[in-house]
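Data block below; observations after.
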Amino acid sequence: MLRALVKSLVTPLALVLASGASAQAPAADADLAAKVLGLVPKLEQEVARGMKMFDVPGVAVGIVADDRLVYAKGFGARVKDGSEPPDPATVFQIGSTTKAFLATTMAITAEMGKFTWDQRIETLAPDFRLQDPWVTREMRMFDIIAQRSGLPPYANDGLTALGYDADALIGSLRGVTPASSFRSTFTYTNITHLVAGRIVARLRGEPDWTAVVRKDIVAPLGMADTSFTAEAIASAPNHAIGSRYTPSGSVEVPFDPSFPYLLGPAGNMNSTVEDAARWLRLQIGDGMFEGRRIVPAAQLAITRTPRIGINATTAYAMGWVISSTPNGRIVWHNGGTVGFGAHIGFLPDRGLGVIVLSNQDNQGFPDALAMGIYDAVLGNPTVDHFAPAAVRAKAGYEDEAKTYQRRPDAAPPPPLAAFAGGYASPILGEADVAVDGESLVVTVARTGARLRLTPFDGPAFTVRLIAEGRFAPIVRMSGDTPTGFAQFEVGAAGTVARLNWIYNETQSYGFQRK
């Protein structure tokens, strides 16, 4: 359930480079726009095929070439089972493609002399702490959004669904056990971007990062329909409504301020194909837009410098993924919120950009469609990017369901009254466990969120957020799948000493009995 909220950069990284062996890169096209238009019939067939495979309600696609939006079209519906189609001005959540905007505001701020890229984070954010003092001390500005912190993937993102605010999210990193050594492994996080956004805002004398990006990018580029809140997208006259994937068909989901908006520059932007095209023209132009210098080219290049390898042909920079294909590089990022999937990227050596905005969580459709476009323009071998992504999506959904399927021979729980009482976690704070019929309910004191623990096998329970009050829309967003397991530790004397919430394979939360 809550886990669906935290998957921002999704598994389709695996599909990026299935294109075959290397070949000599062809020369730049004399008339790129004409080439793009020649691809349209096949492109639109692929859109229809991919939408059917994933049951995507609607998508808007844009292609930038020759410093203009040469193709822009909407398909399907703005809402599941609706009749109004999206168009190039329809507003979608764009999720983690926001991270490249953060990187660019950092580049502008660095050019102003407000910080240096090798400056330690603790000198700019004295309250920033990780569990390892050495990593805290050595984390630099070129590390903070480079996805090489060593933290577990999506560390503590799920706390947004439990009602924790941005201060609590940042503070919670102090209690997170590293999953790998610093700067050694690609591990995708979002809360680190909250830290970076706050640093930029403070250095610029602005109330928050949103004010900075409006001033630096949104306003200068004329991105008139771009916004940053759940309220803004819901009130836009022309907006899409999100849906989440299931193998039996997508399900409409509501907007909620908790996700992705609470994560700020990690993924809080809403935008359109038309606005995103302006953004890509800036990037393709190495910081120039309509004859004006918006970002110094040298600083922008720093944000695209690979920082950590993802696989043999793909690396992460700062807010961008850098991929090598048989016939050229792709600079891109995807976005995945609970109800929307996005892909924004470009071919720096060809001057071509691709935008795919959809109203379904990113199970691979936006990336597969975009990769097919890049392959066609670059002359790479033809690959079906949709089919393996669809197989992964279905298998992932079914595997998660099997994980929580209780065995017929499962042991009954011990008497539930033995587990009742007060507990405390260094990350989540105090919590109260009470018996509620044949289950237990954990009340998180700091936020009021309540979690139902349902017997699974002996002292192990499944965990679900209870759909009540401000948490009801969050449950509607993410569905009723459990979020990990809770297990009680019983000491030799038979008394309960600890509650462990095993959130996923890399992260758990411990509560000591008070």
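Order determines the names: the first chain of the structure tokens is A, the second B, and so forth; residues in each chain are numbered 1 upward, and ligands are numbered 1 upward as they are shown.
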List the neighbours of Phe142 (chain A) out to 8 Å using only C-alpha atoms; skip same-chain residues closer than 2 positions along the sequence, and give me the result as a list in words.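 With the cut-off at 8 Å, the set is Trp117, Asp118, Arg140, Ile144, Ile145, Ala146 and Met318 of chain A.
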Restricting the output to C-alpha atoms, write the selected residues as a short mmCIF file (atom, residue, chain, number, x, y, z; two decimals), in the first residue's frame.
data_model
loop_
_atom_site.label_atom_id
_atom_site.label_comp_id
_atom_site.auth_asym_id
_atom_site.auth_seq_id
_atom_site.Cartn_x
_atom_site.Cartn_y
_atom_site.Cartn_z
CA TRP A 117 30.09 22.13 -5.93
CA ASP A 118 32.65 20.51 -3.62
CA ARG A 140 29.19 17.52 -0.77
CA ILE A 144 23.42 15.36 -2.37
CA ILE A 145 21.27 14.67 -5.46
CA ALA A 146 23.62 12.21 -7.21
CA MET A 318 22.41 15.14 -11.06
#
Residues near Tyr261 (chain A), cut-off 8 Å, only C-alpha atoms, skip fewer than 4 positions along chain, as an NGL selection string: :A and (228-230 or 257 or 267-269)
Region 417-428 of chain A environment, 7 Å, only C-alpha atoms, sequence neighbours closer than 3 positions dropped, as a list in words: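 My reading of the contact set: Ser172, Gly175, Ala431, Asp432, Val433, Ala434, Val435, Val496, Gly510, Phe511, Gln512, Arg513 and Lys514 of chain A.
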Counting only C-alpha atoms, the residue of A:Gln131, A:Ser235, A:Thr337, A:Thr313 that sits nearest Phe259 (chain A):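 With only C-alpha atoms as the atom set, the closest residue is A:Thr337.
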When you count only C-alpha atoms, which of these residues is closest to Phe471 (chain A): A:Ala301, A:Met141, A:Val70, A:Ala161?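 So, comparing all the options, the nearest one is A:Ala161.
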Please identify the alpha helix (DSSP H) residues within region 263-374 of chain A (assignment by DSSP from backbone atoms) and present them as a list of chain:residue names.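 So the alpha helix (DSSP H) residues in region 263-374 of chain A would be A:Val273, A:Glu274, A:Asp275, A:Ala276, A:Ala277, A:Arg278, A:Trp279, A:Leu280, A:Arg281, A:Leu282, A:Gln283, A:Ile284, A:Ala297, A:Ala298, A:Gln299, A:Leu300, A:Ala301, A:Ile302, A:Thr303, A:Phe365, A:Pro366, A:Asp367, A:Ala368, A:Leu369, A:Ala370, A:Met371, A:Gly372, A:Ile373, A:Tyr374.
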Those same residues, written as an mmCIF file, in the first residue's frame with N, CA and C atoms?
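That gives us out-v7.cif:
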data_model
loop_
_atom_site.group_PDB
_atom_site.id
_atom_site.type_symbol
_atom_site.label_atom_id
_atom_site.label_comp_id
_atom_site.auth_asym_id
_atom_site.auth_seq_id
_atom_site.Cartn_x
_atom_site.Cartn_y
_atom_site.Cartn_z
ATOM 1 N N VAL A 273 2.823 19.258 -21.896
ATOM 2 C CA VAL A 273 3.741 19.039 -23.012
ATOM 3 C C VAL A 273 4.281 20.371 -23.527
ATOM 4 N N GLU A 274 3.410 21.360 -23.655
ATOM 5 C CA GLU A 274 3.858 22.654 -24.190
ATOM 6 C C GLU A 274 4.899 23.296 -23.286
ATOM 7 N N ASP A 275 4.679 23.257 -21.965
ATOM 8 C CA ASP A 275 5.654 23.842 -21.044
ATOM 9 C C ASP A 275 6.941 23.026 -21.006
ATOM 10 N N ALA A 276 6.808 21.708 -20.979
ATOM 11 C CA ALA A 276 7.994 20.851 -20.938
ATOM 12 C C ALA A 276 8.835 21.015 -22.201
ATOM 13 N N ALA A 277 8.205 21.324 -23.316
ATOM 14 C CA ALA A 277 8.955 21.566 -24.551
ATOM 15 C C ALA A 277 9.865 22.779 -24.404
ATOM 16 N N ARG A 278 9.397 23.800 -23.719
ATOM 17 C CA ARG A 278 10.237 24.978 -23.469
ATOM 18 C C ARG A 278 11.445 24.598 -22.611
ATOM 19 N N TRP A 279 11.200 23.777 -21.616
ATOM 20 C CA TRP A 279 12.271 23.286 -20.745
ATOM 21 C C TRP A 279 13.311 22.497 -21.544
ATOM 22 N N LEU A 280 12.853 21.643 -22.445
ATOM 23 C CA LEU A 280 13.789 20.869 -23.255
ATOM 24 C C LEU A 280 14.563 21.746 -24.234
ATOM 25 N N ARG A 281 13.923 22.757 -24.762
ATOM 26 C CA ARG A 281 14.642 23.677 -25.655
ATOM 27 C C ARG A 281 15.790 24.352 -24.898
ATOM 28 N N LEU A 282 15.573 24.696 -23.626
ATOM 29 C CA LEU A 282 16.638 25.266 -22.800
ATOM 30 C C LEU A 282 17.774 24.267 -22.627
ATOM 31 N N GLN A 283 17.441 23.023 -22.340
ATOM 32 C CA GLN A 283 18.461 22.012 -22.112
ATOM 33 C C GLN A 283 19.221 21.690 -23.401
ATOM 34 N N ILE A 284 18.499 21.515 -24.489
ATOM 35 C CA ILE A 284 19.146 21.229 -25.772
ATOM 36 C C ILE A 284 20.034 22.398 -26.195
ATOM 37 N N ALA A 297 26.461 27.532 -19.665
ATOM 38 C CA ALA A 297 26.647 26.200 -20.250
ATOM 39 C C ALA A 297 27.583 25.338 -19.410
ATOM 40 N N ALA A 298 28.638 25.934 -18.876
ATOM 41 C CA ALA A 298 29.602 25.158 -18.090
ATOM 42 C C ALA A 298 28.959 24.600 -16.827
ATOM 43 N N GLN A 299 28.120 25.397 -16.173
ATOM 44 C CA GLN A 299 27.444 24.916 -14.970
ATOM 45 C C GLN A 299 26.422 23.834 -15.314
ATOM 46 N N LEU A 300 25.729 24.016 -16.437
ATOM 47 C CA LEU A 300 24.743 23.024 -16.848
ATOM 48 C C LEU A 300 25.430 21.693 -17.155
ATOM 49 N N ALA A 301 26.613 21.758 -17.727
ATOM 50 C CA ALA A 301 27.357 20.537 -18.042
ATOM 51 C C ALA A 301 27.698 19.757 -16.783
ATOM 52 N N ILE A 302 27.939 20.457 -15.691
ATOM 53 C CA ILE A 302 28.243 19.776 -14.426
ATOM 54 C C ILE A 302 27.072 18.906 -13.988
ATOM 55 N N THR A 303 25.846 19.381 -14.210
ATOM 56 C CA THR A 303 24.676 18.602 -13.792
ATOM 57 C C THR A 303 24.491 17.350 -14.634
ATOM 58 N N PHE A 365 5.439 2.287 -19.363
ATOM 59 C CA PHE A 365 4.884 2.779 -20.619
ATOM 60 C C PHE A 365 5.573 4.053 -21.122
ATOM 61 N N PRO A 366 5.716 5.113 -20.303
ATOM 62 C CA PRO A 366 6.329 6.342 -20.847
ATOM 63 C C PRO A 366 7.750 6.114 -21.348
ATOM 64 N N ASP A 367 8.528 5.327 -20.605
ATOM 65 C CA ASP A 367 9.915 5.096 -20.981
ATOM 66 C C ASP A 367 10.020 4.246 -22.235
ATOM 67 N N ALA A 368 9.183 3.219 -22.311
ATOM 68 C CA ALA A 368 9.214 2.358 -23.495
ATOM 69 C C ALA A 368 8.878 3.141 -24.754
ATOM 70 N N LEU A 369 7.858 3.999 -24.670
ATOM 71 C CA LEU A 369 7.486 4.805 -25.831
ATOM 72 C C LEU A 369 8.619 5.750 -26.220
ATOM 73 N N ALA A 370 9.205 6.420 -25.236
ATOM 74 C CA ALA A 370 10.287 7.358 -25.524
ATOM 75 C C ALA A 370 11.510 6.658 -26.099
ATOM 76 N N MET A 371 11.865 5.511 -25.531
ATOM 77 C CA MET A 371 13.040 4.796 -26.029
ATOM 78 C C MET A 371 12.860 4.350 -27.475
ATOM 79 N N GLY A 372 11.629 3.994 -27.831
ATOM 80 C CA GLY A 372 11.363 3.650 -29.222
ATOM 81 C C GLY A 372 11.567 4.828 -30.157
ATOM 82 N N ILE A 373 11.190 6.020 -29.701
ATOM 83 C CA ILE A 373 11.397 7.226 -30.513
ATOM 84 C C ILE A 373 12.888 7.502 -30.683
ATOM 85 N N TYR A 374 13.639 7.430 -29.567
ATOM 86 C CA TYR A 374 15.085 7.650 -29.670
ATOM 87 C C TYR A 374 15.729 6.655 -30.634
#
Filtered DSSP result for region 14-239 of chain A, state strand (DSSP E or B), as a ChimeraX atom specification: /A:58-65,68-76,91-93,120,140,227,239
Close residues, Gly264 (chain A) itself excluded, 12 Å, only C-alpha atoms, min 2 positions apart in chain, as an MDAnalysis selection string: chainID A and resid 95:99 101:102 157 160 165:167 169:170 190:198 201 208:211 213 227:230 257:262 266:270
Counting only C-alpha atoms, which residue out of A:Val91, A:Val354, A:Val441, A:Ile310 sits closest to Val331 (chain A)?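 Of all the options, A:Val354 lies closest to Val331 (chain A).
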